[in-house]
Amino acid sequence: MFSSPDDNVLEYRYDSELLRIEAWGPNALRIRATHQPTFPAENWALSESLPELKDVSVDVQDDQGSIHNSAITAQINKRGKITITNSKGKVLLEEFMRQRVDVKDPKCSALRIVPREFKPRLGSDSWHLTARFEATHADEKIFGMGQYQQPYLDLKGADIELAHRNSQASIPFAVSSEGYGFLWNNPAIGRAVFGKNATTFEAYSTRVLDYWIVAGDTPAEIVRAYGKVTGTVPEMPEYGLGFWQCKLRYQTQDEILEVAREHKWRGLPMDVIVADYFHWPYEGEWKFDPTFWPDPDAMITELKSLDIELMVSIWPTVDRKSENFNEMREKGLLIRQDRGFPVVMDGWGNTVHFDATNPEAREYVWQKAKQNYYDHGIRIFWLDEAEPEYTHYDFDNYRYHAGPDLMVGNIYPVQYSRAFYEGMKAAGQERIVNLVRCCWAGSQKYGALLWSGDIASSWPSLRAQLSAGLNAGLAGIPWWTTDIGGFHGGDPRTPEFRELFVRWFQWGAFCPVFRLHGDREPQQPRHGTTGGSHCLSGAANEVWSYGDEVYGICRQYLFLRERLRPYIRGLMAAAHRDGDPIMRPLFYDFPEQRCLWDVSDQYMFGHRYLVAPVLHEGQRDRRVVLPRGVHWQQLDAEGERVGPIHWGSAKGGNDDFTIYVDAPLEYMPVFECID
């Protein structure tokens, strides 16, 4: 029943189930269970080399077994139930079991509920897995888990789909207020519920239970430990620190050069400008359409002379009319369907995605991009549609090189980012960042800059992006951004949208990457008749397109971002070294102040700046909660400290230290820690 095949491993076997718990990094354990003869070979997100562990011990007895790794201990009782505690004996995680095998067990029950339920999927060699845990801590708060379009920072009580969609990225690493981090290390489509009565994780098709848990005294300790086992972001290139200009879409080479020249003529900073989708003849032809982009080399050269990098959009879709479709289909480089006609994305053509889980497909697409973009001087890519997006999210219908979508689908964006990261690395580039519309656990080490997809231009959407960005950072993705102004529906001619745009732009200056994008109303007339010209451009989206008042405000914040560049460079270095989020909730830096765990509408931009975005229409002042025990002074839109110094005694207990500040349209409240 109990055994220890290795010094760092505890195993339990009963009937067809094999349960294995092993030390996996300092203060951490990996737990796996399967009903197959052996465990699958994949480590998924747990990809990094582990240090030698010295404080590990395993104790095997007739009726129980335990494994101890520094600050964490797991015990398996004679019924196979797992309980995990920290060094103080506090229960971090306890499996939910309701059986009456042992009538003396306080939780003896006739319900016949098991903690690890493997329900066979008839006719297949996979199972529908449900893992159940006690809701041990009534006041527990849960953060992380990726990017979801809802306003809640604390996910306790949330029902979460473990699947990717446009604007939704499932990154299943949770940080608990009770002192642990939990990675659901399974890329299967599924569901997580953080209920009041129980916590459950489901994988709809899998062969193994696989999760990783770490004990830590602070959120920073937990997130950094996660970075050690899954990887951290590379070093950020210098052009990642400044302003990125984009819209849907610059239709020609001349148009993109005119915008770049105008920026520089006005003396405005810009690091990156973007050629969005349909700059190609057909989807699946990763190259410029010469009709509208006749001399890419000259364009790239001029942009570089202005100290601007050109980023180009990459889509994984391959149109049946494209020059590469037949070859890719012949070589098995495309996603397959189990039923129906092979069209997975119905847009301007009948398209199928390339299979990023196939190493040969990754190399094929990279070589096309290298030949047509990289070899001409382009050093940054926009990896769009990375979920991948389907017209119908029938996850049970698609099949990848790595396995059925239902079983492995969430790994797709990791492999998509990997294709370009490894290609650029092999070409000699050291500092790599690529914008990508989706991530899973481990994406960060492949230079993935997550953005929040095609979101509404609305106040509720702005509020949701704040929670999305903070939770993505706690889930191990420190590089994050959003479409300033939202993507859909904004009209620069209206005062209502101009107000929203200003508030979004001010906040964008204090996001990890400062990026303007959107499909503005009204759409512009069609330019040309061939290639991608059927994809119409939105209205102008440059900072001078919104009237003089808005332009003046944006100009201030563009230069404020430049003033912060040395500080942001330091934050990026810390993210590379330790995995720290660039933007993080107040409790990340002040975990001992329990009241700060309830603050969800402001955040720390690194260790120095407290940012209080304006998130409501017509709002001209706001309440700001300041952490106690340090001195704060307000930062104006020029980057200068102004006004009185605020200090709240650390002896103030768990009460908020609150002030009220003006927030006229031209200003978003920011405070600097001056200790």
# chains A, B, ... in the order shown; residues from 1 in each chain; ligands from 1
$ residues_around --residues "A:Phe354" --least-positions-apart "4" --cutoff "6 Å" --atoms "only C-alpha atoms" --output "PDB file with N, CA and C atoms, in the first residue's frame"
ATOM      1  N   PRO A 316      -2.232  32.280 -36.884  1.00  0.00           N
ATOM      2  CA  PRO A 316      -1.961  30.859 -37.105  1.00  0.00           C
ATOM      3  C   PRO A 316      -2.885  30.219 -38.133  1.00  0.00           C
ATOM      4  N   LEU A 333       0.600  19.368 -40.962  1.00  0.00           N
ATOM      5  CA  LEU A 333       1.000  20.485 -40.108  1.00  0.00           C
ATOM      6  C   LEU A 333      -0.193  21.298 -39.609  1.00  0.00           C
ATOM      7  N   LEU A 334      -1.406  20.860 -39.911  1.00  0.00           N
ATOM      8  CA  LEU A 334      -2.606  21.602 -39.541  1.00  0.00           C
ATOM      9  C   LEU A 334      -3.393  20.854 -38.464  1.00  0.00           C
ATOM     10  N   ILE A 335      -4.158  21.620 -37.690  1.00  0.00           N
ATOM     11  CA  ILE A 335      -5.086  21.021 -36.729  1.00  0.00           C
ATOM     12  C   ILE A 335      -6.104  20.167 -37.483  1.00  0.00           C
TER      13      ILE A 335
END
$ residues_around --residues "A:Asp394" --least-positions-apart "2" --cutoff "12 Å" --atoms "only C-alpha atoms" --output "PyMOL selection string"
chain A and resi 163-165+189+337-340+344-345+388-392+396-399+404-406+409
$ write_last_selection --atoms "N, CA, C and O atoms" --output "PDB file, in the first residue's frame"
ATOM      1  N   ALA A 163     -10.177  26.880 -19.925  1.00  0.00           N
ATOM      2  CA  ALA A 163     -10.117  26.835 -21.382  1.00  0.00           C
ATOM      3  C   ALA A 163      -9.823  28.240 -21.880  1.00  0.00           C
ATOM      4  O   ALA A 163     -10.123  29.229 -21.217  1.00  0.00           O
ATOM      5  N   HIS A 164      -9.239  28.299 -23.064  1.00  0.00           N
ATOM      6  CA  HIS A 164      -8.910  29.586 -23.671  1.00  0.00           C
ATOM      7  C   HIS A 164     -10.002  30.015 -24.638  1.00  0.00           C
ATOM      8  O   HIS A 164     -10.557  29.198 -25.379  1.00  0.00           O
ATOM      9  N   ARG A 165     -10.282  31.293 -24.619  1.00  0.00           N
ATOM     10  CA  ARG A 165     -11.147  31.933 -25.607  1.00  0.00           C
ATOM     11  C   ARG A 165     -10.574  33.311 -25.900  1.00  0.00           C
ATOM     12  O   ARG A 165      -9.729  33.805 -25.145  1.00  0.00           O
ATOM     13  N   ILE A 189      -8.917  20.672 -21.132  1.00  0.00           N
ATOM     14  CA  ILE A 189     -10.071  21.545 -20.936  1.00  0.00           C
ATOM     15  C   ILE A 189     -10.794  21.093 -19.662  1.00  0.00           C
ATOM     16  O   ILE A 189     -10.903  19.893 -19.391  1.00  0.00           O
ATOM     17  N   GLN A 337      -9.806  17.732 -37.424  1.00  0.00           N
ATOM     18  CA  GLN A 337     -11.132  17.612 -36.812  1.00  0.00           C
ATOM     19  C   GLN A 337     -11.560  16.157 -36.799  1.00  0.00           C
ATOM     20  O   GLN A 337     -11.256  15.401 -37.720  1.00  0.00           O
ATOM     21  N   ASP A 338     -12.273  15.773 -35.746  1.00  0.00           N
ATOM     22  CA  ASP A 338     -12.789  14.409 -35.666  1.00  0.00           C
ATOM     23  C   ASP A 338     -14.074  14.237 -36.464  1.00  0.00           C
ATOM     24  O   ASP A 338     -14.469  13.117 -36.796  1.00  0.00           O
ATOM     25  N   ARG A 339     -14.758  15.329 -36.759  1.00  0.00           N
ATOM     26  CA  ARG A 339     -15.990  15.244 -37.527  1.00  0.00           C
ATOM     27  C   ARG A 339     -16.205  16.569 -38.253  1.00  0.00           C
ATOM     28  O   ARG A 339     -15.718  17.615 -37.833  1.00  0.00           O
ATOM     29  N   GLY A 340     -16.919  16.528 -39.350  1.00  0.00           N
ATOM     30  CA  GLY A 340     -17.248  17.737 -40.082  1.00  0.00           C
ATOM     31  C   GLY A 340     -16.185  18.141 -41.085  1.00  0.00           C
ATOM     32  O   GLY A 340     -15.073  17.615 -41.117  1.00  0.00           O
ATOM     33  N   VAL A 344     -12.055  25.574 -39.221  1.00  0.00           N
ATOM     34  CA  VAL A 344     -12.195  25.858 -37.796  1.00  0.00           C
ATOM     35  C   VAL A 344     -12.421  27.333 -37.508  1.00  0.00           C
ATOM     36  O   VAL A 344     -12.851  27.685 -36.415  1.00  0.00           O
ATOM     37  N   MET A 345     -12.150  28.186 -38.491  1.00  0.00           N
ATOM     38  CA  MET A 345     -12.327  29.625 -38.302  1.00  0.00           C
ATOM     39  C   MET A 345     -12.995  30.184 -39.545  1.00  0.00           C
ATOM     40  O   MET A 345     -12.421  30.153 -40.640  1.00  0.00           O
ATOM     41  N   PRO A 388      -6.111  28.520 -29.709  1.00  0.00           N
ATOM     42  CA  PRO A 388      -6.518  29.345 -30.846  1.00  0.00           C
ATOM     43  C   PRO A 388      -8.024  29.629 -30.818  1.00  0.00           C
ATOM     44  O   PRO A 388      -8.790  28.889 -30.201  1.00  0.00           O
ATOM     45  N   GLU A 389      -8.421  30.702 -31.495  1.00  0.00           N
ATOM     46  CA  GLU A 389      -9.838  31.031 -31.563  1.00  0.00           C
ATOM     47  C   GLU A 389     -10.540  30.140 -32.582  1.00  0.00           C
ATOM     48  O   GLU A 389     -10.027  29.901 -33.675  1.00  0.00           O
ATOM     49  N   TYR A 390     -11.698  29.647 -32.195  1.00  0.00           N
ATOM     50  CA  TYR A 390     -12.539  28.876 -33.100  1.00  0.00           C
ATOM     51  C   TYR A 390     -13.848  29.617 -33.319  1.00  0.00           C
ATOM     52  O   TYR A 390     -14.338  30.319 -32.427  1.00  0.00           O
ATOM     53  N   THR A 391     -14.425  29.455 -34.500  1.00  0.00           N
ATOM     54  CA  THR A 391     -15.765  29.992 -34.705  1.00  0.00           C
ATOM     55  C   THR A 391     -16.740  29.354 -33.736  1.00  0.00           C
ATOM     56  O   THR A 391     -17.629  30.003 -33.185  1.00  0.00           O
ATOM     57  N   HIS A 392     -16.571  28.056 -33.491  1.00  0.00           N
ATOM     58  CA  HIS A 392     -17.344  27.336 -32.474  1.00  0.00           C
ATOM     59  C   HIS A 392     -16.342  26.598 -31.590  1.00  0.00           C
ATOM     60  O   HIS A 392     -15.547  25.795 -32.082  1.00  0.00           O
ATOM     61  N   ASP A 396     -14.216  19.199 -28.067  1.00  0.00           N
ATOM     62  CA  ASP A 396     -14.165  17.753 -28.252  1.00  0.00           C
ATOM     63  C   ASP A 396     -14.011  17.346 -29.715  1.00  0.00           C
ATOM     64  O   ASP A 396     -13.926  16.150 -30.026  1.00  0.00           O
ATOM     65  N   ASN A 397     -13.936  18.321 -30.628  1.00  0.00           N
ATOM     66  CA  ASN A 397     -13.906  18.011 -32.057  1.00  0.00           C
ATOM     67  C   ASN A 397     -12.523  18.159 -32.689  1.00  0.00           C
ATOM     68  O   ASN A 397     -12.302  17.685 -33.793  1.00  0.00           O
ATOM     69  N   TYR A 398     -11.591  18.806 -31.992  1.00  0.00           N
ATOM     70  CA  TYR A 398     -10.299  19.115 -32.602  1.00  0.00           C
ATOM     71  C   TYR A 398      -9.214  18.205 -32.049  1.00  0.00           C
ATOM     72  O   TYR A 398      -9.255  17.783 -30.891  1.00  0.00           O
ATOM     73  N   ARG A 399      -8.245  17.941 -32.891  1.00  0.00           N
ATOM     74  CA  ARG A 399      -7.181  17.004 -32.522  1.00  0.00           C
ATOM     75  C   ARG A 399      -5.839  17.585 -32.959  1.00  0.00           C
ATOM     76  O   ARG A 399      -5.672  18.037 -34.093  1.00  0.00           O
ATOM     77  N   PRO A 404      -5.755  14.904 -28.321  1.00  0.00           N
ATOM     78  CA  PRO A 404      -7.042  15.578 -28.507  1.00  0.00           C
ATOM     79  C   PRO A 404      -7.078  16.939 -27.811  1.00  0.00           C
ATOM     80  O   PRO A 404      -6.502  17.118 -26.730  1.00  0.00           O
ATOM     81  N   ASP A 405      -7.756  17.875 -28.432  1.00  0.00           N
ATOM     82  CA  ASP A 405      -7.901  19.216 -27.852  1.00  0.00           C
ATOM     83  C   ASP A 405      -8.454  19.126 -26.437  1.00  0.00           C
ATOM     84  O   ASP A 405      -7.988  19.825 -25.524  1.00  0.00           O
ATOM     85  N   LEU A 406      -9.424  18.262 -26.218  1.00  0.00           N
ATOM     86  CA  LEU A 406     -10.037  18.144 -24.900  1.00  0.00           C
ATOM     87  C   LEU A 406      -9.020  17.731 -23.838  1.00  0.00           C
ATOM     88  O   LEU A 406      -9.146  18.086 -22.671  1.00  0.00           O
ATOM     89  N   GLY A 409      -5.480  20.772 -25.048  1.00  0.00           N
ATOM     90  CA  GLY A 409      -5.686  22.004 -25.803  1.00  0.00           C
ATOM     91  C   GLY A 409      -5.100  23.255 -25.195  1.00  0.00           C
ATOM     92  O   GLY A 409      -4.694  24.176 -25.906  1.00  0.00           O
TER      93      GLY A 409
END
$ closest_residue --among "A:Gln619, A:Ser452, A:Thr529, A:Ser124" --to "A:Trp480" --atoms "only C-alpha atoms"
A:Ser452
$ residues_around --residues "A:Arg116" --least-positions-apart "6" --cutoff "12 Å" --atoms "only C-alpha atoms" --output "number ranges by chain"
A: 17-19, 31-35, 79-82, 94-98, 127-133, 200-203, 208-210
$ write_last_selection --atoms "N, CA, C and O atoms" --output "CSV table (one decimal), in the first residue's frame"
chain,number,residue,atom,x,y,z
A,17,GLU,N,-5.3,2.3,-8.8
A,17,GLU,CA,-4.7,3.7,-8.7
A,17,GLU,C,-3.3,3.7,-8.1
A,17,GLU,O,-3.0,3.0,-7.1
A,18,LEU,N,-2.4,4.5,-8.7
A,18,LEU,CA,-1.1,4.7,-8.2
A,18,LEU,C,-1.0,6.2,-7.9
A,18,LEU,O,-1.2,7.1,-8.8
A,19,LEU,N,-0.7,6.5,-6.6
A,19,LEU,CA,-0.6,7.9,-6.2
A,19,LEU,C,0.9,8.2,-5.8
A,19,LEU,O,1.5,7.4,-5.1
A,31,ILE,N,2.1,16.3,-6.8
A,31,ILE,CA,1.2,15.2,-6.5
A,31,ILE,C,0.6,14.7,-7.8
A,31,ILE,O,0.1,15.5,-8.6
A,32,ARG,N,0.8,13.4,-8.1
A,32,ARG,CA,0.2,12.8,-9.3
A,32,ARG,C,-0.5,11.5,-8.9
A,32,ARG,O,-0.1,10.8,-8.0
A,33,ALA,N,-1.5,11.2,-9.7
A,33,ALA,CA,-2.2,9.9,-9.6
A,33,ALA,C,-2.7,9.5,-10.9
A,33,ALA,O,-3.1,10.3,-11.8
A,34,THR,N,-2.7,8.2,-11.1
A,34,THR,CA,-3.1,7.6,-12.4
A,34,THR,C,-3.7,6.2,-12.2
A,34,THR,O,-3.5,5.6,-11.2
A,35,HIS,N,-4.6,5.8,-13.2
A,35,HIS,CA,-5.1,4.4,-13.2
A,35,HIS,C,-4.4,3.7,-14.4
A,35,HIS,O,-4.9,2.6,-14.7
A,79,ARG,N,-6.8,5.3,4.1
A,79,ARG,CA,-7.9,5.4,3.1
A,79,ARG,C,-7.5,6.1,1.8
A,79,ARG,O,-8.2,6.2,0.9
A,80,GLY,N,-6.2,6.6,1.8
A,80,GLY,CA,-5.7,7.2,0.6
A,80,GLY,C,-5.9,8.7,0.5
A,80,GLY,O,-5.7,9.4,-0.5
A,81,LYS,N,-6.4,9.3,1.6
A,81,LYS,CA,-6.7,10.8,1.6
A,81,LYS,C,-5.5,11.6,2.0
A,81,LYS,O,-4.7,11.2,2.9
A,82,ILE,N,-5.2,12.7,1.2
A,82,ILE,CA,-4.1,13.5,1.4
A,82,ILE,C,-4.4,14.7,2.2
A,82,ILE,O,-5.4,15.4,2.0
A,94,GLU,N,-6.6,20.0,2.1
A,94,GLU,CA,-7.0,18.7,2.6
A,94,GLU,C,-8.0,18.2,1.5
A,94,GLU,O,-8.9,18.9,1.1
A,95,GLU,N,-7.8,16.9,1.1
A,95,GLU,CA,-8.7,16.4,0.2
A,95,GLU,C,-10.1,16.2,0.8
A,95,GLU,O,-10.3,16.0,2.0
A,96,PHE,N,-11.1,16.3,-0.1
A,96,PHE,CA,-12.5,16.2,0.3
A,96,PHE,C,-13.0,14.7,0.1
A,96,PHE,O,-13.1,14.3,-1.0
A,97,MET,N,-13.2,14.0,1.2
A,97,MET,CA,-13.6,12.6,1.1
A,97,MET,C,-14.8,12.4,2.1
A,97,MET,O,-14.8,12.9,3.2
A,98,ARG,N,-15.8,11.8,1.6
A,98,ARG,CA,-17.0,11.5,2.4
A,98,ARG,C,-17.3,10.0,2.2
A,98,ARG,O,-18.1,9.6,1.3
A,127,TRP,N,-9.9,9.5,-18.9
A,127,TRP,CA,-10.9,9.7,-17.8
A,127,TRP,C,-11.4,11.1,-17.7
A,127,TRP,O,-10.6,12.1,-18.0
A,128,HIS,N,-12.6,11.3,-17.2
A,128,HIS,CA,-13.0,12.6,-16.7
A,128,HIS,C,-12.6,12.7,-15.2
A,128,HIS,O,-13.2,11.9,-14.4
A,129,LEU,N,-11.7,13.5,-14.9
A,129,LEU,CA,-11.1,13.6,-13.6
A,129,LEU,C,-11.8,14.8,-12.8
A,129,LEU,O,-11.9,15.9,-13.3
A,130,THR,N,-12.1,14.5,-11.6
A,130,THR,CA,-12.6,15.5,-10.6
A,130,THR,C,-11.7,15.4,-9.4
A,130,THR,O,-11.7,14.3,-8.7
A,131,ALA,N,-11.0,16.4,-9.0
A,131,ALA,CA,-10.2,16.5,-7.8
A,131,ALA,C,-11.0,17.4,-6.8
A,131,ALA,O,-11.3,18.5,-7.1
A,132,ARG,N,-11.2,16.9,-5.6
A,132,ARG,CA,-12.0,17.7,-4.6
A,132,ARG,C,-11.2,18.0,-3.4
A,132,ARG,O,-10.4,17.1,-2.9
A,133,PHE,N,-11.3,19.2,-2.9
A,133,PHE,CA,-10.6,19.6,-1.7
A,133,PHE,C,-11.6,20.3,-0.7
A,133,PHE,O,-12.5,21.0,-1.1
A,200,THR,N,-13.1,22.4,-6.3
A,200,THR,CA,-13.0,21.3,-7.2
A,200,THR,C,-12.2,21.7,-8.5
A,200,THR,O,-12.4,22.9,-8.9
A,201,PHE,N,-11.4,20.8,-9.0
A,201,PHE,CA,-10.8,21.0,-10.3
A,201,PHE,C,-11.2,19.8,-11.1
A,201,PHE,O,-11.2,18.6,-10.7
A,202,GLU,N,-11.5,20.1,-12.4
A,202,GLU,CA,-11.9,19.0,-13.3
A,202,GLU,C,-11.1,19.1,-14.6
A,202,GLU,O,-10.7,20.2,-15.1
A,203,ALA,N,-10.7,17.9,-15.1
A,203,ALA,CA,-10.2,17.8,-16.4
A,203,ALA,C,-11.1,16.8,-17.2
A,203,ALA,O,-11.3,15.7,-16.8
A,208,VAL,N,-4.1,11.5,-16.0
A,208,VAL,CA,-3.4,11.7,-14.8
A,208,VAL,C,-3.9,12.9,-14.0
A,208,VAL,O,-4.3,13.9,-14.6
A,209,LEU,N,-3.9,12.8,-12.7
A,209,LEU,CA,-4.0,13.9,-11.8
A,209,LEU,C,-2.6,14.5,-11.6
A,209,LEU,O,-1.7,13.7,-11.3
A,210,ASP,N,-2.4,15.8,-11.7
A,210,ASP,CA,-1.1,16.3,-11.6
A,210,ASP,C,-1.2,17.8,-11.1
A,210,ASP,O,-1.8,18.6,-11.8
$ atom_distance --atom1 "atom CA of A:Asn8" --atom2 "atom CA of A:Asp102"
29.4 Å
$ atom_distance --atom1 "atom CA of A:Asp6" --atom2 "atom CA of A:Asp59"
11.7 Å
$ atom_distance --atom1 "atom CA of A:Met299" --atom2 "atom CA of A:Gly532"
19.1 Å
$ select_by_dssp --residues "stretch 304-338 of chain A" --states "strand (DSSP E or B)" --output "PyMOL selection string"
chain A and resi 309-314+317-319+334+336-337
$ write_last_selection --atoms "N, CA and C atoms" --output "PDB file, in the first residue's frame"
ATOM      1  N   GLU A 309      10.698  50.381 -33.713  1.00  0.00           N
ATOM      2  CA  GLU A 309      10.661  49.006 -34.198  1.00  0.00           C
ATOM      3  C   GLU A 309       9.297  48.725 -34.814  1.00  0.00           C
ATOM      4  N   LEU A 310       9.299  47.979 -35.908  1.00  0.00           N
ATOM      5  CA  LEU A 310       8.054  47.553 -36.534  1.00  0.00           C
ATOM      6  C   LEU A 310       7.686  46.165 -36.024  1.00  0.00           C
ATOM      7  N   MET A 311       6.487  46.041 -35.465  1.00  0.00           N
ATOM      8  CA  MET A 311       5.946  44.748 -35.081  1.00  0.00           C
ATOM      9  C   MET A 311       4.916  44.329 -36.124  1.00  0.00           C
ATOM     10  N   VAL A 312       4.965  43.057 -36.544  1.00  0.00           N
ATOM     11  CA  VAL A 312       4.010  42.576 -37.537  1.00  0.00           C
ATOM     12  C   VAL A 312       3.118  41.506 -36.924  1.00  0.00           C
ATOM     13  N   SER A 313       1.887  41.484 -37.388  1.00  0.00           N
ATOM     14  CA  SER A 313       0.905  40.518 -36.913  1.00  0.00           C
ATOM     15  C   SER A 313       1.116  39.172 -37.591  1.00  0.00           C
ATOM     16  N   ILE A 314       1.075  38.122 -36.776  1.00  0.00           N
ATOM     17  CA  ILE A 314       1.109  36.739 -37.253  1.00  0.00           C
ATOM     18  C   ILE A 314      -0.202  36.083 -36.848  1.00  0.00           C
ATOM     19  N   THR A 317      -3.845  30.997 -38.650  1.00  0.00           N
ATOM     20  CA  THR A 317      -4.827  30.462 -39.589  1.00  0.00           C
ATOM     21  C   THR A 317      -4.229  30.348 -40.988  1.00  0.00           C
ATOM     22  N   VAL A 318      -4.656  29.317 -41.699  1.00  0.00           N
ATOM     23  CA  VAL A 318      -4.180  29.063 -43.058  1.00  0.00           C
ATOM     24  C   VAL A 318      -5.402  28.919 -43.960  1.00  0.00           C
ATOM     25  N   ASP A 319      -5.548  29.854 -44.884  1.00  0.00           N
ATOM     26  CA  ASP A 319      -6.668  29.853 -45.826  1.00  0.00           C
ATOM     27  C   ASP A 319      -6.453  28.750 -46.867  1.00  0.00           C
ATOM     28  N   LEU A 334      -1.406  20.860 -39.911  1.00  0.00           N
ATOM     29  CA  LEU A 334      -2.606  21.602 -39.541  1.00  0.00           C
ATOM     30  C   LEU A 334      -3.393  20.854 -38.464  1.00  0.00           C
ATOM     31  N   ARG A 336      -6.475  19.048 -36.877  1.00  0.00           N
ATOM     32  CA  ARG A 336      -7.443  18.137 -37.500  1.00  0.00           C
ATOM     33  C   ARG A 336      -8.764  18.156 -36.735  1.00  0.00           C
ATOM     34  N   GLN A 337      -9.806  17.732 -37.424  1.00  0.00           N
ATOM     35  CA  GLN A 337     -11.132  17.612 -36.812  1.00  0.00           C
ATOM     36  C   GLN A 337     -11.560  16.157 -36.799  1.00  0.00           C
TER      37      GLN A 337
END
$ decode --residues "stretch 251-298 of chain A" --atoms "C-alpha atoms" --output "compact mmCIF listing (two decimals), in the first residue's frame"
# COMPACT_ATOMS: atom_id res chain seq x y z
CA GLN A 251 -3.58 49.54 -44.64
CA THR A 252 -0.45 50.61 -46.48
CA GLN A 253 3.24 51.23 -46.10
CA ASP A 254 2.74 54.95 -46.68
CA GLU A 255 0.08 55.19 -43.98
CA ILE A 256 2.25 53.61 -41.29
CA LEU A 257 5.22 55.83 -42.22
CA GLU A 258 3.08 58.96 -42.12
CA VAL A 259 1.98 58.18 -38.55
CA ALA A 260 5.55 57.47 -37.43
CA ARG A 261 6.82 60.69 -39.01
CA GLU A 262 4.02 62.71 -37.43
CA HIS A 263 4.84 61.31 -33.99
CA LYS A 264 8.46 62.31 -34.33
CA TRP A 265 7.61 65.72 -35.85
CA ARG A 266 5.49 66.43 -32.79
CA GLY A 267 8.36 65.34 -30.57
CA LEU A 268 6.37 62.47 -29.09
CA PRO A 269 8.05 59.27 -27.91
CA MET A 270 7.29 55.99 -29.66
CA ASP A 271 9.17 52.70 -29.46
CA VAL A 272 7.00 50.35 -31.53
CA ILE A 273 4.47 50.72 -34.34
CA VAL A 274 2.39 47.83 -35.62
CA ALA A 275 1.36 46.37 -38.96
CA ASP A 276 -1.84 44.57 -38.02
CA TYR A 277 -3.45 41.62 -39.75
CA PHE A 278 -4.24 41.35 -43.46
CA HIS A 279 -1.05 43.04 -44.51
CA TRP A 280 -0.64 39.68 -46.30
CA PRO A 281 -2.34 38.40 -49.49
CA TYR A 282 -4.08 35.45 -47.73
CA GLU A 283 -4.10 34.04 -44.21
CA GLY A 284 -1.31 31.49 -44.04
CA GLU A 285 1.00 33.56 -46.26
CA TRP A 286 3.31 35.10 -43.72
CA LYS A 287 4.60 37.97 -45.86
CA PHE A 288 3.78 41.53 -46.95
CA ASP A 289 1.35 42.00 -49.84
CA PRO A 290 3.46 43.92 -52.39
CA THR A 291 0.37 45.75 -53.68
CA PHE A 292 0.11 47.74 -50.45
CA TRP A 293 3.61 47.26 -49.01
CA PRO A 294 5.87 47.60 -52.07
CA ASP A 295 9.18 48.17 -50.29
CA PRO A 296 9.25 46.71 -46.76
CA ASP A 297 13.03 47.06 -46.53
CA ALA A 298 12.86 50.82 -47.06
